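J.: Pasting a structure below so you can have a look.
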Amino acid sequence: MKRFAAMMFVAMGMLVCAQTMAAQEWSQPWARERIAKSPRHSEWITVKHDSRNVETLVVYPESKDKRPVVLVIHEIFGLSDWAQELADEVAAAGYIAVAPDLLSGMGPSGGRTKDFPTGVTEAVSKLNPDQVTADLNAAADYGLKLPASNGKLYVAGFCWGGGQTFRFATNRADLSAAFVFYGPPPDTDAMLRIKAAVYGFYAGNDASIDATIPSTIAAMKAAGKSYDPVTYEGAGHGFMRAGEAPDASNANKKAREDAWKRWKPLLAQ
């Protein structure tokens, strides 16, 4: 009986471990701890459009003046703890961060990112592009109508969200700028629709994404569009998240710091 109990204990431990590992797709406890300490006001709201309810995090800066809106597009890991903490950092820089969970309604029992026990990356990768665009437009429109907004709109995204940021710039004419963090470009023909300046932030050790930069430079130049990419040598894909993790490498830490030093003045233009 004792042996059976011991085996059950080990099995339960393995199950908990497996569940914990699965949760790591979207769970970063260190990011959650930082959010808990933030002095900034944040709220979850539901953005409704067509038949969709998009759960969206809004974080406000500590400012007496009306401020621009930054639409934050999450990574392949959904609206993770880190993505929420990044939204708080955007607010700390003086901007209204609007971060929609694009997995809203797609999780178990109609849930969102936090409700996935596993399979978040697969679910994000299979999102319908038209649905994504509609969700982003609705979230952006919500942000711009906030009393605290000054009517200026930026978009920034990371990894999968970086690619969606570049694509969103082809579909949204009132953007002031788009900030693409290690994401792929849209189709060349779609670049003709871009109105905003596009700024790229890339990792030196990210061959699959970096291979797209030369052709993107050429295509954007041929289309008469503004595209300014910067590559941070020694950094790996996802350095904005990895650079502040407890086990961050020096190269990722530096890339993250340098990216913020570049990004903040661009937002202030």
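Following the order of the structure tokens, chains are lettered A, B, ..., residues in each are numbered from 1, and ligands are numbered from 1.
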Per DSSP on the backbone, what are the strand (DSSP E) residues of region 4-242 of chain A, as a PyMOL selection string?
T.: chain A and resi 42-49+52-59+67-73+96-100+149-158+175-181+197-205+227-236
J.: Hey, which bits of region 61-109 of chain A sit within 7 Å of region 146-169 of chain A, and for each residue what's the closest pair of atoms and how far apart in Å (one decimal), counting only C-alpha atoms, rows by chain and increasing number, as JSON lines?
T.:
```
{"residue": "A:Lys66", "atom": "CA", "partner": "A:Ala148", "partner_atom": "CA", "distance": 4.8}
{"residue": "A:Arg67", "atom": "CA", "partner": "A:Ser149", "partner_atom": "CA", "distance": 5.1}
{"residue": "A:Pro68", "atom": "CA", "partner": "A:Lys152", "partner_atom": "CA", "distance": 4.7}
{"residue": "A:Val69", "atom": "CA", "partner": "A:Leu153", "partner_atom": "CA", "distance": 5.0}
{"residue": "A:Val70", "atom": "CA", "partner": "A:Tyr154", "partner_atom": "CA", "distance": 4.7}
{"residue": "A:Leu71", "atom": "CA", "partner": "A:Val155", "partner_atom": "CA", "distance": 4.6}
{"residue": "A:Val72", "atom": "CA", "partner": "A:Ala156", "partner_atom": "CA", "distance": 5.2}
{"residue": "A:Ile73", "atom": "CA", "partner": "A:Gly157", "partner_atom": "CA", "distance": 4.4}
{"residue": "A:His74", "atom": "CA", "partner": "A:Gly161", "partner_atom": "CA", "distance": 5.1}
{"residue": "A:Glu75", "atom": "CA", "partner": "A:Gly161", "partner_atom": "CA", "distance": 5.0}
{"residue": "A:Ile76", "atom": "CA", "partner": "A:Trp160", "partner_atom": "CA", "distance": 5.1}
```
J.: Go ahead and write the residues just picked, N, CA, C and O atoms, as a CSV table (one decimal), in the first residue's frame.
T.:
```
chain,number,residue,atom,x,y,z
A,66,LYS,N,-3.2,64.6,-22.0
A,66,LYS,CA,-3.6,63.6,-22.9
A,66,LYS,C,-2.3,63.0,-23.6
A,66,LYS,O,-1.4,63.8,-23.9
A,67,ARG,N,-2.3,61.7,-23.8
A,67,ARG,CA,-1.1,61.0,-24.3
A,67,ARG,C,-1.5,60.2,-25.5
A,67,ARG,O,-2.6,59.7,-25.7
A,68,PRO,N,-0.4,59.8,-26.3
A,68,PRO,CA,-0.6,58.9,-27.4
A,68,PRO,C,-0.9,57.5,-27.0
A,68,PRO,O,-0.7,57.1,-25.8
A,69,VAL,N,-1.5,56.7,-27.9
A,69,VAL,CA,-1.8,55.3,-27.6
A,69,VAL,C,-0.8,54.5,-28.3
A,69,VAL,O,-0.4,54.7,-29.5
A,70,VAL,N,-0.3,53.4,-27.6
A,70,VAL,CA,0.5,52.4,-28.3
A,70,VAL,C,-0.2,51.1,-28.2
A,70,VAL,O,-0.5,50.6,-27.2
A,71,LEU,N,-0.5,50.6,-29.4
A,71,LEU,CA,-1.2,49.3,-29.5
A,71,LEU,C,-0.1,48.2,-29.4
A,71,LEU,O,0.9,48.2,-30.2
A,72,VAL,N,-0.2,47.4,-28.4
A,72,VAL,CA,0.9,46.4,-28.2
A,72,VAL,C,0.4,45.0,-28.7
A,72,VAL,O,-0.7,44.5,-28.2
A,73,ILE,N,1.2,44.4,-29.6
A,73,ILE,CA,0.8,43.1,-30.2
A,73,ILE,C,1.7,42.0,-29.6
A,73,ILE,O,2.9,42.1,-29.7
A,74,HIS,N,1.1,41.1,-28.9
A,74,HIS,CA,1.9,40.1,-28.2
A,74,HIS,C,2.6,39.1,-29.1
A,74,HIS,O,2.4,39.0,-30.3
A,75,GLU,N,3.5,38.3,-28.4
A,75,GLU,CA,4.3,37.3,-29.1
A,75,GLU,C,3.4,36.1,-29.5
A,75,GLU,O,2.2,36.0,-29.2
A,76,ILE,N,4.1,35.1,-30.0
A,76,ILE,CA,3.5,33.8,-30.3
A,76,ILE,C,3.0,33.1,-29.0
A,76,ILE,O,2.2,32.2,-29.1
```
J.: Counting only C-alpha atoms, which residue out of A:Leu79, A:Met240, A:Ala203, A:Met220 sits closest to Glu55 (chain A)?
T.: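 Nearest to Glu55 (chain A): A:Leu79.
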J.: Write out as a list in words each polymer residue whose atoms come within 8 Å of Ser27 (chain A), counting only C-alpha atoms; drop sequence neighbours fewer than 5 positions from it.
T.: Ser80, Asp81 and Trp82 of chain A
J.: Record the distance separating CA of Gly236 (chain A) and CA of Glu257 (chain A), expressed in Å with one decimal.
T.: 13.8 Å
J.: So how many Å separate CA of Leu175 (chain A) and CA of Ala196 (chain A), to one decimal?
T.: 5.6 Å
J.: Give me every helix (DSSP H, G or I) residue in region 2-235 of chain A, going by DSSP on the backbone, as a PyMOL selection string.
T.: chain A and resi 2-23+29-36+81-92+108-110+113-115+120-125+129-145+160-169+188-191+207-210+213-222
J.: Include C-alpha atoms and write out the residues we just selected as an mmCIF file, in the first residue's frame.
T.:
```cif
data_model
loop_
_atom_site.group_PDB
_atom_site.id
_atom_site.type_symbol
_atom_site.label_atom_id
_atom_site.label_comp_id
_atom_site.auth_asym_id
_atom_site.auth_seq_id
_atom_site.Cartn_x
_atom_site.Cartn_y
_atom_site.Cartn_z
ATOM 1 C CA LYS A 2 2.847 2.360 0.914
ATOM 2 C CA ARG A 3 4.539 1.561 -2.401
ATOM 3 C CA PHE A 4 1.311 2.349 -4.282
ATOM 4 C CA ALA A 5 0.964 5.642 -2.402
ATOM 5 C CA ALA A 6 4.566 6.536 -3.230
ATOM 6 C CA MET A 7 3.983 5.760 -6.892
ATOM 7 C CA MET A 8 0.846 7.915 -6.876
ATOM 8 C CA PHE A 9 2.813 10.757 -5.266
ATOM 9 C CA VAL A 10 5.489 10.559 -7.960
ATOM 10 C CA ALA A 11 2.851 10.429 -10.689
ATOM 11 C CA MET A 12 1.083 13.460 -9.290
ATOM 12 C CA GLY A 13 4.401 15.275 -9.081
ATOM 13 C CA MET A 14 5.129 14.483 -12.710
ATOM 14 C CA LEU A 15 1.677 15.766 -13.688
ATOM 15 C CA VAL A 16 2.170 19.014 -11.782
ATOM 16 C CA CYS A 17 5.604 19.393 -13.374
ATOM 17 C CA ALA A 18 4.159 18.812 -16.855
ATOM 18 C CA GLN A 19 1.393 21.337 -16.201
ATOM 19 C CA THR A 20 3.936 23.866 -14.930
ATOM 20 C CA MET A 21 6.102 23.409 -18.012
ATOM 21 C CA ALA A 22 3.060 23.840 -20.259
ATOM 22 C CA ALA A 23 2.093 26.994 -18.404
ATOM 23 C CA PRO A 29 6.340 34.717 -12.554
ATOM 24 C CA TRP A 30 9.086 37.361 -12.453
ATOM 25 C CA ALA A 31 7.061 39.540 -14.825
ATOM 26 C CA ARG A 32 3.913 39.006 -12.756
ATOM 27 C CA GLU A 33 5.812 40.150 -9.643
ATOM 28 C CA ARG A 34 6.834 43.371 -11.375
ATOM 29 C CA ILE A 35 3.269 44.047 -12.503
ATOM 30 C CA ALA A 36 2.076 43.647 -8.904
ATOM 31 C CA ASP A 81 2.678 37.790 -18.173
ATOM 32 C CA TRP A 82 5.663 39.363 -19.906
ATOM 33 C CA ALA A 83 3.499 40.998 -22.596
ATOM 34 C CA GLN A 84 1.387 42.529 -19.847
ATOM 35 C CA GLU A 85 4.511 43.723 -18.058
ATOM 36 C CA LEU A 86 5.782 45.215 -21.340
ATOM 37 C CA ALA A 87 2.503 47.140 -21.601
ATOM 38 C CA ASP A 88 3.165 48.504 -18.126
ATOM 39 C CA GLU A 89 6.652 49.595 -19.232
ATOM 40 C CA VAL A 90 5.131 51.414 -22.204
ATOM 41 C CA ALA A 91 2.823 53.229 -19.789
ATOM 42 C CA ALA A 92 5.801 54.026 -17.561
ATOM 43 C CA PRO A 108 -10.960 26.228 -23.542
ATOM 44 C CA SER A 109 -14.597 27.111 -22.745
ATOM 45 C CA GLY A 110 -14.208 30.295 -24.782
ATOM 46 C CA THR A 113 -4.439 33.047 -23.250
ATOM 47 C CA LYS A 114 -4.415 32.323 -19.513
ATOM 48 C CA ASP A 115 -6.934 29.521 -19.969
ATOM 49 C CA VAL A 120 -0.772 28.471 -26.982
ATOM 50 C CA THR A 121 1.842 28.844 -29.713
ATOM 51 C CA GLU A 122 -0.064 26.556 -32.062
ATOM 52 C CA ALA A 123 -3.301 28.446 -31.412
ATOM 53 C CA VAL A 124 -1.693 31.817 -32.106
ATOM 54 C CA SER A 125 -0.037 30.547 -35.283
ATOM 55 C CA PRO A 129 -5.371 37.006 -40.389
ATOM 56 C CA ASP A 130 -8.597 38.878 -41.114
ATOM 57 C CA GLN A 131 -9.786 38.251 -37.556
ATOM 58 C CA VAL A 132 -6.472 39.523 -36.207
ATOM 59 C CA THR A 133 -6.725 42.705 -38.265
ATOM 60 C CA ALA A 134 -10.313 43.291 -37.148
ATOM 61 C CA ASP A 135 -9.377 42.719 -33.485
ATOM 62 C CA LEU A 136 -6.445 45.126 -33.742
ATOM 63 C CA ASN A 137 -8.515 47.793 -35.471
ATOM 64 C CA ALA A 138 -11.211 47.531 -32.812
ATOM 65 C CA ALA A 139 -8.652 47.771 -29.981
ATOM 66 C CA ALA A 140 -6.946 50.744 -31.646
ATOM 67 C CA ASP A 141 -10.276 52.509 -32.154
ATOM 68 C CA TYR A 142 -11.148 51.933 -28.496
ATOM 69 C CA GLY A 143 -7.838 53.410 -27.379
ATOM 70 C CA LEU A 144 -8.146 56.484 -29.558
ATOM 71 C CA LYS A 145 -11.602 57.233 -28.122
ATOM 72 C CA TRP A 160 4.800 36.881 -34.121
ATOM 73 C CA GLY A 161 3.467 40.237 -33.018
ATOM 74 C CA GLY A 162 6.355 41.933 -34.809
ATOM 75 C CA GLY A 163 5.204 40.429 -38.078
ATOM 76 C CA GLN A 164 1.618 41.427 -37.277
ATOM 77 C CA THR A 165 2.816 44.965 -36.547
ATOM 78 C CA PHE A 166 4.392 45.242 -39.996
ATOM 79 C CA ARG A 167 1.236 43.790 -41.543
ATOM 80 C CA PHE A 168 -1.005 46.109 -39.515
ATOM 81 C CA ALA A 169 0.892 49.066 -40.942
ATOM 82 C CA THR A 188 5.892 43.240 -51.075
ATOM 83 C CA ASP A 189 2.677 44.342 -52.783
ATOM 84 C CA ALA A 190 1.104 45.153 -49.416
ATOM 85 C CA MET A 191 3.969 47.504 -48.553
ATOM 86 C CA ALA A 207 19.238 34.060 -38.948
ATOM 87 C CA SER A 208 15.707 33.295 -40.156
ATOM 88 C CA ILE A 209 14.440 36.827 -39.492
ATOM 89 C CA ASP A 210 17.678 38.623 -40.329
ATOM 90 C CA ILE A 213 16.092 42.414 -43.843
ATOM 91 C CA PRO A 214 18.052 43.111 -47.070
ATOM 92 C CA SER A 215 15.084 42.337 -49.322
ATOM 93 C CA THR A 216 12.774 44.324 -47.045
ATOM 94 C CA ILE A 217 15.073 47.341 -47.272
ATOM 95 C CA ALA A 218 15.023 47.081 -51.055
ATOM 96 C CA ALA A 219 11.261 46.562 -51.285
ATOM 97 C CA MET A 220 10.401 49.415 -48.932
ATOM 98 C CA LYS A 221 12.792 51.730 -50.772
ATOM 99 C CA ALA A 222 11.266 50.766 -54.128
#
```
J.: Give me the residues near Ala93 (chain A) as number ranges by chain, where near means some atom within 10 Å (using only C-alpha atoms) and where sequence neighbours in that chain fewer than 6 positions away do not count.
T.: A: 61-62, 87, 260, 264, 267-268
J.: Produce a file of the selected residues containing all heavy atoms, as an mmCIF file, in the first residue's frame.
T.:
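Output below, filename again_28.cif:
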```cif
data_model
loop_
_atom_site.group_PDB
_atom_site.id
_atom_site.type_symbol
_atom_site.label_atom_id
_atom_site.label_comp_id
_atom_site.auth_asym_id
_atom_site.auth_seq_id
_atom_site.Cartn_x
_atom_site.Cartn_y
_atom_site.Cartn_z
ATOM 1 N N PRO A 61 -0.508 55.884 -18.298
ATOM 2 C CA PRO A 61 0.673 56.542 -17.740
ATOM 3 C C PRO A 61 0.263 57.476 -16.611
ATOM 4 O O PRO A 61 -0.904 57.873 -16.502
ATOM 5 C CB PRO A 61 1.220 57.334 -18.933
ATOM 6 C CG PRO A 61 -0.004 57.666 -19.731
ATOM 7 C CD PRO A 61 -0.906 56.465 -19.599
ATOM 8 N N GLU A 62 1.214 57.834 -15.784
ATOM 9 C CA GLU A 62 0.959 58.822 -14.737
ATOM 10 C C GLU A 62 1.221 60.198 -15.341
ATOM 11 O O GLU A 62 2.339 60.709 -15.316
ATOM 12 C CB GLU A 62 1.850 58.542 -13.531
ATOM 13 C CG GLU A 62 1.539 57.208 -12.856
ATOM 14 C CD GLU A 62 2.422 56.931 -11.659
ATOM 15 O OE1 GLU A 62 3.666 56.942 -11.823
ATOM 16 O OE2 GLU A 62 1.879 56.714 -10.558
ATOM 17 N N ALA A 87 3.508 46.080 -21.497
ATOM 18 C CA ALA A 87 2.503 47.140 -21.601
ATOM 19 C C ALA A 87 2.653 48.135 -20.455
ATOM 20 O O ALA A 87 2.526 49.350 -20.643
ATOM 21 C CB ALA A 87 1.102 46.533 -21.616
ATOM 22 N N TRP A 260 15.399 50.081 -25.883
ATOM 23 C CA TRP A 260 14.589 51.072 -25.177
ATOM 24 C C TRP A 260 15.152 52.487 -25.373
ATOM 25 O O TRP A 260 14.388 53.456 -25.542
ATOM 26 C CB TRP A 260 14.512 50.760 -23.689
ATOM 27 C CG TRP A 260 13.354 49.881 -23.314
ATOM 28 C CD1 TRP A 260 13.403 48.591 -22.883
ATOM 29 C CD2 TRP A 260 11.968 50.233 -23.331
ATOM 30 N NE1 TRP A 260 12.127 48.117 -22.631
ATOM 31 C CE2 TRP A 260 11.233 49.109 -22.899
ATOM 32 C CE3 TRP A 260 11.268 51.403 -23.683
ATOM 33 C CZ2 TRP A 260 9.845 49.121 -22.801
ATOM 34 C CZ3 TRP A 260 9.881 51.410 -23.588
ATOM 35 C CH2 TRP A 260 9.188 50.283 -23.144
ATOM 36 N N LYS A 264 12.297 55.017 -27.106
ATOM 37 C CA LYS A 264 11.663 56.131 -26.400
ATOM 38 C C LYS A 264 11.754 57.463 -27.165
ATOM 39 O O LYS A 264 10.736 58.165 -27.290
ATOM 40 C CB LYS A 264 12.246 56.270 -24.992
ATOM 41 C CG LYS A 264 11.809 55.153 -24.055
ATOM 42 C CD LYS A 264 12.415 55.311 -22.671
ATOM 43 C CE LYS A 264 11.964 54.187 -21.738
ATOM 44 N NZ LYS A 264 12.577 54.297 -20.388
ATOM 45 N N LEU A 267 9.290 57.386 -30.069
ATOM 46 C CA LEU A 267 7.920 57.582 -29.625
ATOM 47 C C LEU A 267 7.643 59.051 -29.337
ATOM 48 O O LEU A 267 6.508 59.527 -29.509
ATOM 49 C CB LEU A 267 7.638 56.765 -28.349
ATOM 50 C CG LEU A 267 7.408 55.268 -28.518
ATOM 51 C CD1 LEU A 267 7.470 54.577 -27.151
ATOM 52 C CD2 LEU A 267 6.066 54.998 -29.177
ATOM 53 N N ALA A 268 8.655 59.757 -28.893
ATOM 54 C CA ALA A 268 8.479 61.162 -28.512
ATOM 55 C C ALA A 268 8.466 62.121 -29.697
ATOM 56 O O ALA A 268 8.177 63.304 -29.527
ATOM 57 C CB ALA A 268 9.579 61.553 -27.545
#
```
J.: Given the choices A:Lys253, A:Gln269, A:Leu102, A:Asp247, which gets closest to Gly234 (chain A) if the distance is worked out from only C-alpha atoms?
T.: A:Lys253
J.: So, with only C-alpha atoms as the atoms that count, which of A:Leu127, A:Ile96, A:Leu103, A:Ala211 lies closest to Gly78 (chain A)?
T.: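 Nearest to Gly78 (chain A): A:Leu103.
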J.: When you count only C-alpha atoms, which of these residues is closest to Lys48 (chain A): A:Gly243, A:Gly105, A:Pro229, A:Pro265?
T.: A:Gly105
J.: Looking at A:Asn128, A:Asn53, A:Ser42, A:Ser176, which one is nearest to Ile194 (chain A), with distances taken over only C-alpha atoms?
T.: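 Among A:Asn128, A:Asn53, A:Ser42, A:Ser176, it is A:Ser176 that comes nearest to Ile194 (chain A).
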J.: If you count only C-alpha atoms, which residues fall within 7 Å of region 237-239 of chain A, apart from same-chain ones fewer than 2 positions away, as a PyMOL selection string?
T.: chain A and resi 159+182+203+205-206+235+241-243+252+255-256
